[in-house]
Structures are given as C-alpha cells and as structure tokens.
>>> print(open('protein39.cif').read())   # mmCIF, C-alpha atoms
data_entry
loop_
_atom_site.group_PDB
_atom_site.id
_atom_site.type_symbol
_atom_site.label_atom_id
_atom_site.label_comp_id
_atom_site.auth_asym_id
_atom_site.auth_seq_id
_atom_site.Cartn_x
_atom_site.Cartn_y
_atom_site.Cartn_z
ATOM 1 C CA ALA A 1 87.938 65.368 116.576
ATOM 2 C CA ALA A 2 90.286 63.533 118.896
ATOM 3 C CA ALA A 3 92.912 63.216 116.156
ATOM 4 C CA VAL A 4 92.666 66.923 115.334
ATOM 5 C CA ALA A 5 93.068 67.827 119.003
ATOM 6 C CA GLU A 6 96.080 65.544 119.298
ATOM 7 C CA ILE A 7 97.795 67.116 116.283
ATOM 8 C CA ASN A 8 97.060 70.641 117.534
ATOM 9 C CA SER A 9 98.621 69.791 120.889
ATOM 10 C CA HIS A 10 101.993 69.486 119.115
ATOM 11 C CA LEU A 11 101.650 72.703 117.084
ATOM 12 C CA PRO A 12 102.525 76.269 118.078
ATOM 13 C CA PRO A 13 99.453 78.423 118.826
ATOM 14 C CA GLU A 14 99.801 80.381 115.572
ATOM 15 C CA VAL A 15 99.364 77.157 113.535
ATOM 16 C CA ARG A 16 96.015 75.353 113.812
ATOM 17 C CA LEU A 17 94.314 72.351 112.220
ATOM 18 C CA PHE A 18 90.509 72.558 112.040
ATOM 19 C CA GLY A 19 89.456 69.301 110.439
ATOM 20 C CA GLY A 20 90.386 66.249 108.429
ATOM 21 C CA CYS A 21 88.802 63.447 106.439
ATOM 22 C CA THR A 22 89.598 60.317 104.458
ATOM 23 C CA VAL A 23 90.059 60.724 100.701
ATOM 24 C CA ARG A 24 90.330 58.319 97.754
ATOM 25 C CA LYS A 25 93.758 56.976 96.906
ATOM 26 C CA SER A 26 94.050 58.972 93.667
ATOM 27 C CA PHE A 27 93.127 62.277 95.342
ATOM 28 C CA HIS A 28 95.614 65.114 94.817
ATOM 29 C CA CYS A 29 94.926 68.259 96.828
ATOM 30 C CA ARG A 30 96.269 70.624 94.137
ATOM 31 C CA GLU A 31 95.267 68.892 90.924
ATOM 32 C CA CYS A 32 91.770 68.011 92.180
ATOM 33 C CA ALA A 33 90.991 71.524 93.407
ATOM 34 C CA SER A 34 87.979 73.003 91.604
ATOM 35 C CA SER A 35 88.277 76.555 92.954
ATOM 36 C CA ARG A 36 90.349 78.680 95.284
ATOM 37 C CA SER A 37 89.462 81.747 97.324
ATOM 38 C CA TYR A 38 91.999 84.283 98.525
ATOM 39 C CA GLU A 39 91.745 87.313 100.764
ATOM 40 C CA TYR A 40 93.822 90.467 100.738
ATOM 41 C CA LEU A 41 93.910 92.719 103.787
ATOM 42 C CA LEU A 42 94.215 96.355 102.787
ATOM 43 C CA PRO A 43 94.117 99.487 104.983
ATOM 44 C CA ALA A 44 91.243 101.676 103.793
ATOM 45 C CA SER A 45 93.649 104.630 103.810
ATOM 46 C CA ALA A 46 95.491 103.040 100.866
ATOM 47 C CA LEU A 47 92.633 103.925 98.495
ATOM 48 C CA GLY A 48 93.757 107.524 98.149
ATOM 49 C CA GLY A 49 90.688 109.606 97.396
ATOM 50 C CA MET A 50 88.553 106.778 96.014
ATOM 51 C CA GLY A 51 85.542 105.528 97.988
ATOM 52 C CA VAL A 52 85.093 101.901 98.987
ATOM 53 C CA ALA A 53 82.065 101.381 96.712
ATOM 54 C CA GLU A 54 83.946 102.701 93.677
ATOM 55 C CA PHE A 55 87.010 100.607 94.521
ATOM 56 C CA ASP A 56 84.745 97.553 94.760
ATOM 57 C CA ALA A 57 83.362 98.358 91.302
ATOM 58 C CA VAL A 58 86.903 98.566 89.883
ATOM 59 C CA LEU A 59 87.766 95.163 91.364
ATOM 60 C CA SER A 60 84.597 93.607 89.922
ATOM 61 C CA THR A 61 85.945 94.321 86.415
ATOM 62 C CA PHE A 62 88.205 91.282 86.864
ATOM 63 C CA GLU A 63 85.226 88.915 87.199
ATOM 64 C CA GLY A 64 84.627 86.542 84.288
ATOM 65 C CA SER A 65 86.960 84.750 81.865
ATOM 66 C CA HIS A 66 89.689 87.039 80.548
ATOM 67 C CA LYS A 67 93.208 87.112 79.200
ATOM 68 C CA VAL A 68 95.475 87.727 82.199
ATOM 69 C CA HIS A 69 98.867 88.121 80.499
ATOM 70 C CA ASN A 70 98.914 91.771 81.583
ATOM 71 C CA PHE A 71 98.186 90.833 85.212
ATOM 72 C CA CYS A 72 100.666 88.079 86.100
ATOM 73 C CA SER A 73 104.333 87.179 85.862
ATOM 74 C CA GLY A 74 105.937 85.167 83.080
ATOM 75 C CA LEU A 75 102.995 84.702 80.700
ATOM 76 C CA ARG A 76 103.735 87.155 77.930
ATOM 77 C CA GLY A 77 104.973 85.715 74.673
ATOM 78 C CA LYS A 78 107.927 87.075 72.763
ATOM 79 C CA GLY A 79 108.466 87.837 69.115
ATOM 80 C CA TRP A 80 104.953 88.996 68.224
ATOM 81 C CA GLY A 81 106.150 92.468 67.318
ATOM 82 C CA CYS A 82 103.648 95.322 67.183
ATOM 83 C CA TRP A 83 100.142 95.817 65.856
ATOM 84 C CA GLU A 84 100.000 98.574 63.228
ATOM 85 C CA HIS A 85 96.925 100.721 62.686
ATOM 86 C CA ASP A 86 96.683 103.965 60.686
ATOM 87 C CA GLY A 87 100.372 104.693 61.062
ATOM 88 C CA GLU A 88 100.403 103.978 64.803
ATOM 89 C CA SER A 89 101.584 100.858 66.638
ATOM 90 C CA TRP A 90 101.565 99.126 70.013
ATOM 91 C CA PRO A 91 103.529 96.061 71.257
ATOM 92 C CA LEU A 92 101.822 92.662 71.193
ATOM 93 C CA ALA A 93 102.112 90.154 74.048
ATOM 94 C CA LEU A 94 100.079 87.332 72.474
ATOM 95 C CA ASP A 95 99.425 86.014 68.968
ATOM 96 C CA PRO A 96 96.498 88.151 67.749
ATOM 97 C CA SER A 97 95.502 85.762 64.969
ATOM 98 C CA ARG A 98 94.530 82.698 66.971
ATOM 99 C CA ARG A 99 92.280 82.801 70.017
ATOM 100 C CA GLN A 100 92.838 79.108 70.724
ATOM 101 C CA GLY A 101 96.574 79.624 70.560
ATOM 102 C CA ALA A 102 96.281 81.998 73.515
ATOM 103 C CA ALA A 103 94.001 79.721 75.574
ATOM 104 C CA PHE A 104 96.778 79.335 78.149
ATOM 105 C CA ALA A 105 96.438 83.053 78.941
ATOM 106 C CA TYR A 106 92.794 82.817 80.032
ATOM 107 C CA ARG A 107 91.688 82.492 83.640
ATOM 108 C CA SER A 108 88.204 82.608 85.189
ATOM 109 C CA VAL A 109 87.607 84.846 88.206
ATOM 110 C CA LEU A 110 84.363 83.980 90.001
ATOM 111 C CA PHE A 111 84.363 86.891 92.441
ATOM 112 C CA CYS A 112 86.574 89.899 93.034
ATOM 113 C CA GLY A 113 85.560 92.658 95.391
ATOM 114 C CA VAL A 114 85.427 94.144 98.870
ATOM 115 C CA HIS A 115 84.102 91.385 101.143
ATOM 116 C CA ARG A 116 83.873 93.329 104.424
ATOM 117 C CA SER A 117 85.818 95.650 106.688
ATOM 118 C CA VAL A 118 87.524 95.088 110.041
ATOM 119 C CA VAL A 119 89.195 97.430 112.523
ATOM 120 C CA LEU A 120 92.807 96.533 113.330
ATOM 121 C CA ARG A 121 95.335 98.649 115.217
ATOM 122 C CA GLY A 122 92.599 101.307 115.449
ATOM 123 C CA GLN A 123 92.387 101.592 111.676
ATOM 124 C CA GLU A 124 89.778 100.383 109.194
ATOM 125 C CA HIS A 125 91.000 97.581 106.933
ATOM 126 C CA LEU A 126 89.200 96.163 103.904
ATOM 127 C CA VAL A 127 89.041 92.398 103.415
ATOM 128 C CA LEU A 128 89.204 91.896 99.657
ATOM 129 C CA ARG A 129 88.017 88.511 98.388
ATOM 130 C CA ILE A 130 89.173 86.979 95.115
ATOM 131 C CA ALA A 131 87.795 83.589 94.048
ATOM 132 C CA GLY A 132 88.585 81.676 90.879
ATOM 133 C CA VAL A 133 89.167 78.309 89.293
ATOM 134 C CA SER A 134 92.954 78.838 89.203
ATOM 135 C CA PHE A 135 95.428 81.704 89.166
ATOM 136 C CA MET A 136 98.738 82.448 87.486
ATOM 137 C CA LEU A 137 101.931 83.479 89.278
ATOM 138 C CA HIS A 138 101.443 86.771 91.164
ATOM 139 C CA GLN A 139 98.089 87.310 89.410
ATOM 140 C CA ILE A 140 96.154 88.443 92.478
ATOM 141 C CA ARG A 141 98.871 90.819 93.648
ATOM 142 C CA HIS A 142 98.993 92.376 90.158
ATOM 143 C CA MET A 143 95.193 92.692 90.185
ATOM 144 C CA ILE A 144 95.275 94.510 93.526
ATOM 145 C CA GLY A 145 98.128 96.706 92.319
ATOM 146 C CA THR A 146 96.167 97.684 89.207
ATOM 147 C CA ALA A 147 93.088 98.592 91.239
ATOM 148 C CA LEU A 148 95.238 100.760 93.528
ATOM 149 C CA ALA A 149 96.863 102.486 90.541
ATOM 150 C CA ILE A 150 93.365 103.343 89.283
ATOM 151 C CA ALA A 151 92.278 104.468 92.759
ATOM 152 C CA HIS A 152 95.207 106.912 92.874
ATOM 153 C CA GLY A 153 94.387 108.320 89.436
ATOM 154 C CA LEU A 154 97.536 106.936 87.827
ATOM 155 C CA VAL A 155 95.794 104.635 85.314
ATOM 156 C CA PRO A 156 92.553 105.423 83.408
ATOM 157 C CA ARG A 157 89.790 103.096 84.557
ATOM 158 C CA ASP A 158 88.752 102.075 81.038
ATOM 159 C CA THR A 159 92.262 100.756 80.364
ATOM 160 C CA LEU A 160 91.647 97.868 82.777
ATOM 161 C CA ALA A 161 88.848 96.342 80.680
ATOM 162 C CA LEU A 162 90.925 96.900 77.539
ATOM 163 C CA ALA A 163 93.952 95.116 79.015
ATOM 164 C CA LEU A 164 91.779 92.112 79.971
ATOM 165 C CA ARG A 165 90.422 91.680 76.435
ATOM 166 C CA SER A 166 93.326 92.627 74.212
ATOM 167 C CA PRO A 167 96.446 90.659 73.166
ATOM 168 C CA LEU A 168 98.389 93.923 73.383
ATOM 169 C CA GLN A 169 101.035 94.395 76.073
ATOM 170 C CA VAL A 170 99.638 96.910 78.565
ATOM 171 C CA ASP A 171 101.805 97.679 81.586
ATOM 172 C CA ILE A 172 99.361 98.949 84.226
ATOM 173 C CA SER A 173 99.730 96.340 86.973
ATOM 174 C CA PRO A 174 102.290 97.068 89.717
ATOM 175 C CA LEU A 175 102.936 94.139 92.059
ATOM 176 C CA ALA A 176 101.224 94.756 95.427
ATOM 177 C CA PRO A 177 103.027 93.511 98.582
ATOM 178 C CA GLY A 178 102.632 89.826 99.393
ATOM 179 C CA ALA A 179 102.187 90.490 103.126
ATOM 180 C CA GLY A 180 98.471 91.248 102.715
ATOM 181 C CA LEU A 181 97.578 88.053 100.844
ATOM 182 C CA LEU A 182 96.255 84.808 102.303
ATOM 183 C CA LEU A 183 94.749 81.633 100.842
ATOM 184 C CA ASP A 184 91.360 81.383 102.510
ATOM 185 C CA GLU A 185 89.587 78.348 101.068
ATOM 186 C CA ILE A 186 89.960 75.532 98.535
ATOM 187 C CA ARG A 187 86.983 73.620 97.135
ATOM 188 C CA TRP A 188 87.139 70.115 95.680
ATOM 189 C CA PHE A 189 84.077 69.501 93.521
ATOM 190 C CA ASP A 190 83.989 66.222 91.571
ATOM 191 C CA LEU A 191 82.261 66.861 88.224
ATOM 192 C CA GLY A 192 81.815 63.141 87.629
ATOM 193 C CA LYS A 193 79.913 62.626 90.869
ATOM 194 C CA ARG A 194 78.437 66.140 90.815
ATOM 195 C CA ALA A 195 79.257 66.421 94.470
ATOM 196 C CA GLU A 196 81.997 67.717 96.746
ATOM 197 C CA ASP A 197 84.969 65.369 96.721
ATOM 198 C CA LEU A 198 85.493 66.338 100.333
ATOM 199 C CA ALA A 199 83.951 68.939 102.592
ATOM 200 C CA PHE A 200 84.461 70.119 106.142
ATOM 201 C CA PRO A 201 81.609 70.641 108.622
ATOM 202 C CA PRO A 202 80.309 74.144 109.448
ATOM 203 C CA SER A 203 81.988 73.942 112.850
ATOM 204 C CA ALA A 204 85.406 73.670 111.185
ATOM 205 C CA HIS A 205 84.711 76.706 108.980
ATOM 206 C CA ALA A 206 83.494 78.683 111.999
ATOM 207 C CA ALA A 207 86.648 77.808 113.929
ATOM 208 C CA ALA A 208 88.819 78.849 110.981
ATOM 209 C CA GLU A 209 86.994 82.190 110.709
ATOM 210 C CA ALA A 210 87.488 82.824 114.423
ATOM 211 C CA PHE A 211 91.193 82.023 114.074
ATOM 212 C CA LYS A 212 91.530 84.511 111.221
ATOM 213 C CA GLU A 213 89.903 87.231 113.300
ATOM 214 C CA ALA A 214 91.964 86.519 116.418
ATOM 215 C CA SER A 215 95.357 85.672 114.895
ATOM 216 C CA LEU A 216 95.824 86.064 111.142
ATOM 217 C CA TYR A 217 94.323 89.508 110.531
ATOM 218 C CA PRO A 218 96.199 91.144 113.450
ATOM 219 C CA HIS A 219 99.432 89.462 112.316
ATOM 220 C CA ILE A 220 99.034 90.705 108.741
ATOM 221 C CA ALA A 221 98.165 94.224 109.902
ATOM 222 C CA GLU A 222 101.218 94.232 112.166
ATOM 223 C CA ARG A 223 103.489 93.131 109.312
ATOM 224 C CA LEU A 224 102.078 95.735 106.926
ATOM 225 C CA ALA A 225 102.679 98.433 109.552
ATOM 226 C CA SER A 226 106.076 97.325 110.837
ATOM 227 C CA GLU A 227 107.607 96.550 107.445
ATOM 228 C CA GLU A 228 106.022 99.606 105.805
ATOM 229 C CA SER A 229 105.782 97.469 102.667
ATOM 230 C CA LEU A 230 102.516 99.035 101.570
ATOM 231 C CA GLU A 231 103.761 102.603 102.033
ATOM 232 C CA ARG A 232 106.902 101.810 100.038
ATOM 233 C CA PHE A 233 104.812 100.160 97.331
ATOM 234 C CA LEU A 234 102.485 103.153 97.053
ATOM 235 C CA GLY A 235 105.481 105.481 96.866
ATOM 236 C CA ARG A 236 107.130 103.447 94.102
ATOM 237 C CA MET A 237 103.820 103.200 92.262
ATOM 238 C CA ARG A 238 103.348 106.976 92.295
ATOM 239 C CA ASP A 239 106.940 107.532 91.143
ATOM 240 C CA SER A 240 106.744 104.976 88.321
ATOM 241 C CA PHE A 241 103.205 105.493 87.044
ATOM 242 C CA GLY A 242 103.133 109.236 87.621
ATOM 243 C CA GLY A 243 106.458 109.922 85.942
ATOM 244 C CA ALA A 244 107.363 110.660 82.344
ATOM 245 C CA LYS A 245 108.798 107.177 81.860
ATOM 246 C CA HIS A 246 105.325 105.639 81.984
ATOM 247 C CA TYR A 247 102.367 106.139 79.636
ATOM 248 C CA SER A 248 101.214 109.674 78.983
ATOM 249 C CA ALA A 249 97.645 110.722 78.180
ATOM 250 C CA ALA A 250 98.680 110.668 74.512
ATOM 251 C CA ASP A 251 99.973 107.099 74.915
ATOM 252 C CA TYR A 252 96.675 105.945 76.404
ATOM 253 C CA ALA A 253 94.803 107.594 73.524
ATOM 254 C CA ARG A 254 97.053 105.817 71.024
ATOM 255 C CA LEU A 255 96.515 102.519 72.849
ATOM 256 C CA ARG A 256 92.738 102.925 72.517
ATOM 257 C CA ARG A 257 92.991 103.681 68.789
ATOM 258 C CA VAL A 258 95.351 100.802 68.039
ATOM 259 C CA ASN A 259 93.247 98.399 70.101
ATOM 260 C CA ALA A 260 90.082 99.522 68.290
ATOM 261 C CA GLY A 261 91.802 98.801 64.968
ATOM 262 C CA LEU A 262 92.896 95.393 66.225
ATOM 263 C CA ALA A 263 89.368 94.575 67.418
ATOM 264 C CA GLU A 264 87.943 95.608 64.048
ATOM 265 C CA ALA A 265 90.454 93.441 62.161
ATOM 266 C CA THR A 266 89.704 90.488 64.442
ATOM 267 C CA SER A 267 85.964 90.939 63.870
ATOM 268 C CA ARG A 268 86.433 91.017 60.085
ATOM 269 C CA ARG A 269 88.581 87.908 60.218
ATOM 270 C CA GLY A 270 85.923 86.089 62.259
ATOM 271 C CA ALA A 271 83.178 87.154 59.862
ATOM 272 C CA GLY A 272 85.277 85.901 56.952
ATOM 273 C CA ARG A 273 85.636 82.465 58.506
ATOM 274 C CA ALA A 274 81.922 82.301 59.234
ATOM 275 C CA GLY A 275 81.100 83.117 55.608
ATOM 276 C CA GLY A 276 83.558 80.611 54.143
ATOM 277 C CA PRO A 277 82.799 77.089 52.910
ATOM 278 C CA GLY A 278 80.216 75.564 55.186
ATOM 279 C CA GLY A 279 79.905 78.821 57.104
ATOM 280 C CA GLY A 280 76.290 79.517 56.051
#
>>> encode(input="protein39.cif", output="structure tokens")
Amino acid sequence: AAAVAEINSHLPPEVRLFGGCTVRKSFHCRECASSRSYEYLLPASALGGMGVAEFDAVLSTFEGSHKVHNFCSGLRGKGWGCWEHDGESWPLALDPSRRQGAAFAYRSVLFCGVHRSVVLRGQEHLVLRIAGVSFMLHQIRHMIGTALAIAHGLVPRDTLALALRSPLQVDISPLAPGAGLLLDEIRWFDLGKRAEDLAFPPSAHAAAEAFKEASLYPHIAERLASEESLERFLGRMRDSFGGAKHYSAADYARLRRVNAGLAEATSRRGAGRAGGPGGG
C-alpha cells in the first residue's frame, strides 16, 4: 500500500494505480492473460427506436465461439472466389472446405450485453460489457457498430447470426467510434495450477470502480459530446447502410439462399467423411 501511494503521488490525478503484486519471472502480462473484459459507454439515445432490452438481446448473439472475420479488421482471406448455389453466388472470405483451416478466425465471447446504465451530463448512458478470451483488431467496435445498425433498422437481425457462422463475406459491421471503449479488467488464470496467477484484493477493485464513476465515465461522455464522433458515425452509417450502394432486401434474400446451400453442402461433406473408412 505504501508503494502504491508513493507511485500515485508522482502521477497526475487522471492516472491512478490501485494495486500491485510480485509475479514469477516468466510472467508476461499479455501472453499469460486468460480473459479480458471491456466496456463501451453509449448514450441511450443512440439506439434509435429500439428498447434497451431488445438491444441487449441483439448483443447477446455474439456470445459463444464464432467466426469473427466479418466483425474485425484484416482477417478476411483473399482468393476464395464466390460460393455458387442454384445460379446465384456470394463472395467467400474464408476457405469453406476446411473448418480447421479457418481456426484462426474463431474467437470466444464469454459475455456481451448491457451491464448497467449511468446518468452523465444529464443524459442516460448504457455501460455495455464485452468479455472474452481474446479479441481481434477492432472486433469490439465492429460488434457495437453492427448492433447499432440493427437497432436503426439498417441490417436484418437474422443476418448477424448468419455472419457469425458462415465463411461468406458479409459487410454489416460499421466501425463504432473508439472514444466510448475502455479496457476494464484482465484476468490471469493459470490452468496448470487451476488458480489465479495473480489477483488484486476487493479493495483495489472497489477503488477502480469508484475512479471509473468519478473520472473515466465523465471524461468519455465529454469526449463523445464535444467531438460529436458518435453523431457523425450514426450519420455515416445511415448514409452507407441505407443507400443503394449497400445490400438491398433482394441481396439479403440471396445471401440467405446461398448460405443455406453452403450449409447443406458442408453438412453432406461432413456426413460423407463420417461414413468413410473407419467412420462407422
């Protein structure tokens, strides 16, 4: 405690240290992390006409282990062409023939939803919480952007689940502003010891929560308001996803048909392997 107080005495008030501990020599804070939790501060007014409970349900679709190539930057493969089905086609982003070959595209989201609400600058804000083992570049911001596109009626809700399962390239994830995002917690669980590699006392977590309430949330709300980044994002999203240059209702219908054909072909291929030599 004395060391923490000493370090904090040399830091500006907007930067605080809440705890510390001794770790093993081989410990690496990034590589040894077992999970990460982020928060995203979002004005409730940004939901358009969608209610908080429905928005929470949309976000929960991301929970589980899914392909995330449609919800991050720089993960889509090139040269896979298109999947053809009954005279229709749709671009591929991953190799559809090998699940293991696309293992790099999978990520596990442990929780994604509305955590609570707070009032800042006289306006209700939602604290979104997203927890997972690891995340790809810009993944969380693309996830939030997708949920907002659905909330504003620009993307059919069923397309989200499709885009998480399919190797097809589905462009439904605008990049939400980075100003609302913060890394809230990292856990270090040692599977070998079946115990936390390091953990901070409840008092440290309580102090960190109080600091968020008093300093971080107001700062983020101020930035979102002063920079108008969220308003500009919502405007661009409506222009891009509501315009003729994006998918039409006919395009979404074609996507569903092509994806259904792809799923059927994948199922037949799996059944063929199971019935082969030694397959039983």
>>> residues_around(input="protein39.cif", residues="stretch 43-57 of chain A", least_positions_apart="3", cutoff="12 Å", atoms="all atoms listed in the file", output="number ranges by chain")
A: 40, 60-63, 111-130, 144-154, 157, 160, 176, 180, 217, 220-222, 224-225, 228-235, 237-238
>>> closest_residue(input="protein39.cif", among="A:Leu137, A:Leu181, A:Ala249, A:Ala207", to="A:Val155", atoms="all atoms listed in the file")
A:Ala249
>>> atom_distance(input="protein39.cif", atom1="atom CA of A:Val23", atom2="atom CA of A:Ala2")
18.4 Å
>>> atom_distance(input="protein39.cif", atom1="atom CA of A:Phe18", atom2="atom CA of A:Leu198")
14.2 Å
>>> residues_around(input="protein39.cif", residues="A:His142", least_positions_apart="2", cutoff="6 Å", atoms="all atoms listed in the file", output="CSV table (one decimal) with C-alpha atoms, in the coordinates of the input")
chain,number,residue,atom,x,y,z
A,71,PHE,CA,98.2,90.8,85.2
A,139,GLN,CA,98.1,87.3,89.4
A,140,ILE,CA,96.2,88.4,92.5
A,144,ILE,CA,95.3,94.5,93.5
A,145,GLY,CA,98.1,96.7,92.3
A,173,SER,CA,99.7,96.3,87.0
A,174,PRO,CA,102.3,97.1,89.7
A,175,LEU,CA,102.9,94.1,92.1
>>> residues_near_point(input="protein39.cif", point="(89.9, 68.1, 116.6)", cutoff="12 Å", atoms="all atoms listed in the file", output="count of residues only")
20
>>> resolve_selection(input="protein39.cif", expression="the PyMOL selection byres ((chain A and resi 164-170) around 10)", output="JSON, numbers by chain")
{"A": [61, 62, 65, 66, 67, 68, 69, 70, 71, 76, 77, 80, 81, 82, 83, 90, 91, 92, 93, 94, 95, 96, 97, 99, 102, 105, 106, 159, 160, 161, 162, 163, 171, 172, 173, 247, 252, 255, 258, 259, 260, 262, 263]}
>>> closest_residue(input="protein39.cif", among="A:Glu264, A:Asp190, A:Glu185, A:Glu209", to="A:Glu31", atoms="all atoms listed in the file")
A:Asp190
>>> closest_residue(input="protein39.cif", among="A:Pro177, A:Arg24, A:Gly192, A:Gly261", to="A:His138", atoms="all atoms listed in the file")
A:Pro177
>>> residues_around(input="protein39.cif", residues="A:Arg187", least_positions_apart="5", cutoff="9 Å", atoms="only C-alpha atoms", output="number ranges by chain")
A: 32-37, 196-199
>>> atom_distance(input="protein39.cif", atom1="atom CA of A:Glu39", atom2="atom CA of A:Met143")
12.4 Å
>>> build_atoms(input="protein39.cif", residues="stretch 171-180 of chain A", atoms="all heavy atoms", output="mmCIF file, keeping the file's coordinate frame")
data_model
loop_
_atom_site.group_PDB
_atom_site.id
_atom_site.type_symbol
_atom_site.label_atom_id
_atom_site.label_comp_id
_atom_site.auth_asym_id
_atom_site.auth_seq_id
_atom_site.Cartn_x
_atom_site.Cartn_y
_atom_site.Cartn_z
ATOM 1 N N ASP A 171 101.129 97.713 80.290
ATOM 2 C CA ASP A 171 101.805 97.679 81.586
ATOM 3 C C ASP A 171 101.122 98.631 82.574
ATOM 4 O O ASP A 171 101.511 99.795 82.708
ATOM 5 C CB ASP A 171 103.275 98.053 81.430
ATOM 6 C CG ASP A 171 104.036 97.039 80.587
ATOM 7 O OD1 ASP A 171 103.782 95.836 80.759
ATOM 8 O OD2 ASP A 171 104.854 97.453 79.747
ATOM 9 N N ILE A 172 100.098 98.121 83.261
ATOM 10 C CA ILE A 172 99.361 98.949 84.226
ATOM 11 C C ILE A 172 99.199 98.238 85.565
ATOM 12 O O ILE A 172 98.381 98.642 86.379
ATOM 13 C CB ILE A 172 97.959 99.311 83.681
ATOM 14 C CG1 ILE A 172 97.153 98.040 83.368
ATOM 15 C CG2 ILE A 172 98.064 100.214 82.452
ATOM 16 C CD1 ILE A 172 95.693 98.292 83.078
ATOM 17 N N SER A 173 99.980 97.182 85.799
ATOM 18 C CA SER A 173 99.730 96.340 86.973
ATOM 19 C C SER A 173 100.935 96.206 87.891
ATOM 20 O O SER A 173 101.646 95.201 87.864
ATOM 21 C CB SER A 173 99.274 94.949 86.530
ATOM 22 O OG SER A 173 100.266 94.330 85.726
ATOM 23 N N PRO A 174 101.201 97.202 88.735
ATOM 24 C CA PRO A 174 102.290 97.068 89.717
ATOM 25 C C PRO A 174 102.005 95.914 90.680
ATOM 26 O O PRO A 174 100.845 95.578 90.925
ATOM 27 C CB PRO A 174 102.288 98.417 90.436
ATOM 28 C CG PRO A 174 100.898 98.939 90.257
ATOM 29 C CD PRO A 174 100.454 98.461 88.911
ATOM 30 N N LEU A 175 103.060 95.314 91.193
ATOM 31 C CA LEU A 175 102.936 94.139 92.059
ATOM 32 C C LEU A 175 102.751 94.573 93.506
ATOM 33 O O LEU A 175 103.678 95.041 94.160
ATOM 34 C CB LEU A 175 104.181 93.262 91.916
ATOM 35 C CG LEU A 175 104.188 91.936 92.672
ATOM 36 C CD1 LEU A 175 103.087 91.012 92.165
ATOM 37 C CD2 LEU A 175 105.557 91.260 92.552
ATOM 38 N N ALA A 176 101.526 94.390 94.044
ATOM 39 C CA ALA A 176 101.224 94.756 95.427
ATOM 40 C C ALA A 176 101.991 93.847 96.394
ATOM 41 O O ALA A 176 102.335 92.710 96.062
ATOM 42 C CB ALA A 176 99.724 94.652 95.680
ATOM 43 N N PRO A 177 102.258 94.312 97.616
ATOM 44 C CA PRO A 177 103.027 93.511 98.582
ATOM 45 C C PRO A 177 102.355 92.171 98.893
ATOM 46 O O PRO A 177 101.121 92.071 98.957
ATOM 47 C CB PRO A 177 103.058 94.401 99.832
ATOM 48 C CG PRO A 177 102.821 95.782 99.330
ATOM 49 C CD PRO A 177 101.918 95.644 98.146
ATOM 50 N N GLY A 178 103.166 91.150 99.086
ATOM 51 C CA GLY A 178 102.632 89.826 99.393
ATOM 52 C C GLY A 178 102.146 89.693 100.827
ATOM 53 O O GLY A 178 101.410 88.755 101.139
ATOM 54 N N ALA A 179 102.530 90.614 101.705
ATOM 55 C CA ALA A 179 102.187 90.490 103.126
ATOM 56 C C ALA A 179 100.684 90.510 103.367
ATOM 57 O O ALA A 179 100.210 89.962 104.360
ATOM 58 C CB ALA A 179 102.855 91.611 103.925
ATOM 59 N N GLY A 180 99.910 91.146 102.491
ATOM 60 C CA GLY A 180 98.471 91.248 102.715
ATOM 61 C C GLY A 180 97.662 90.077 102.216
ATOM 62 O O GLY A 180 96.445 90.011 102.440
#
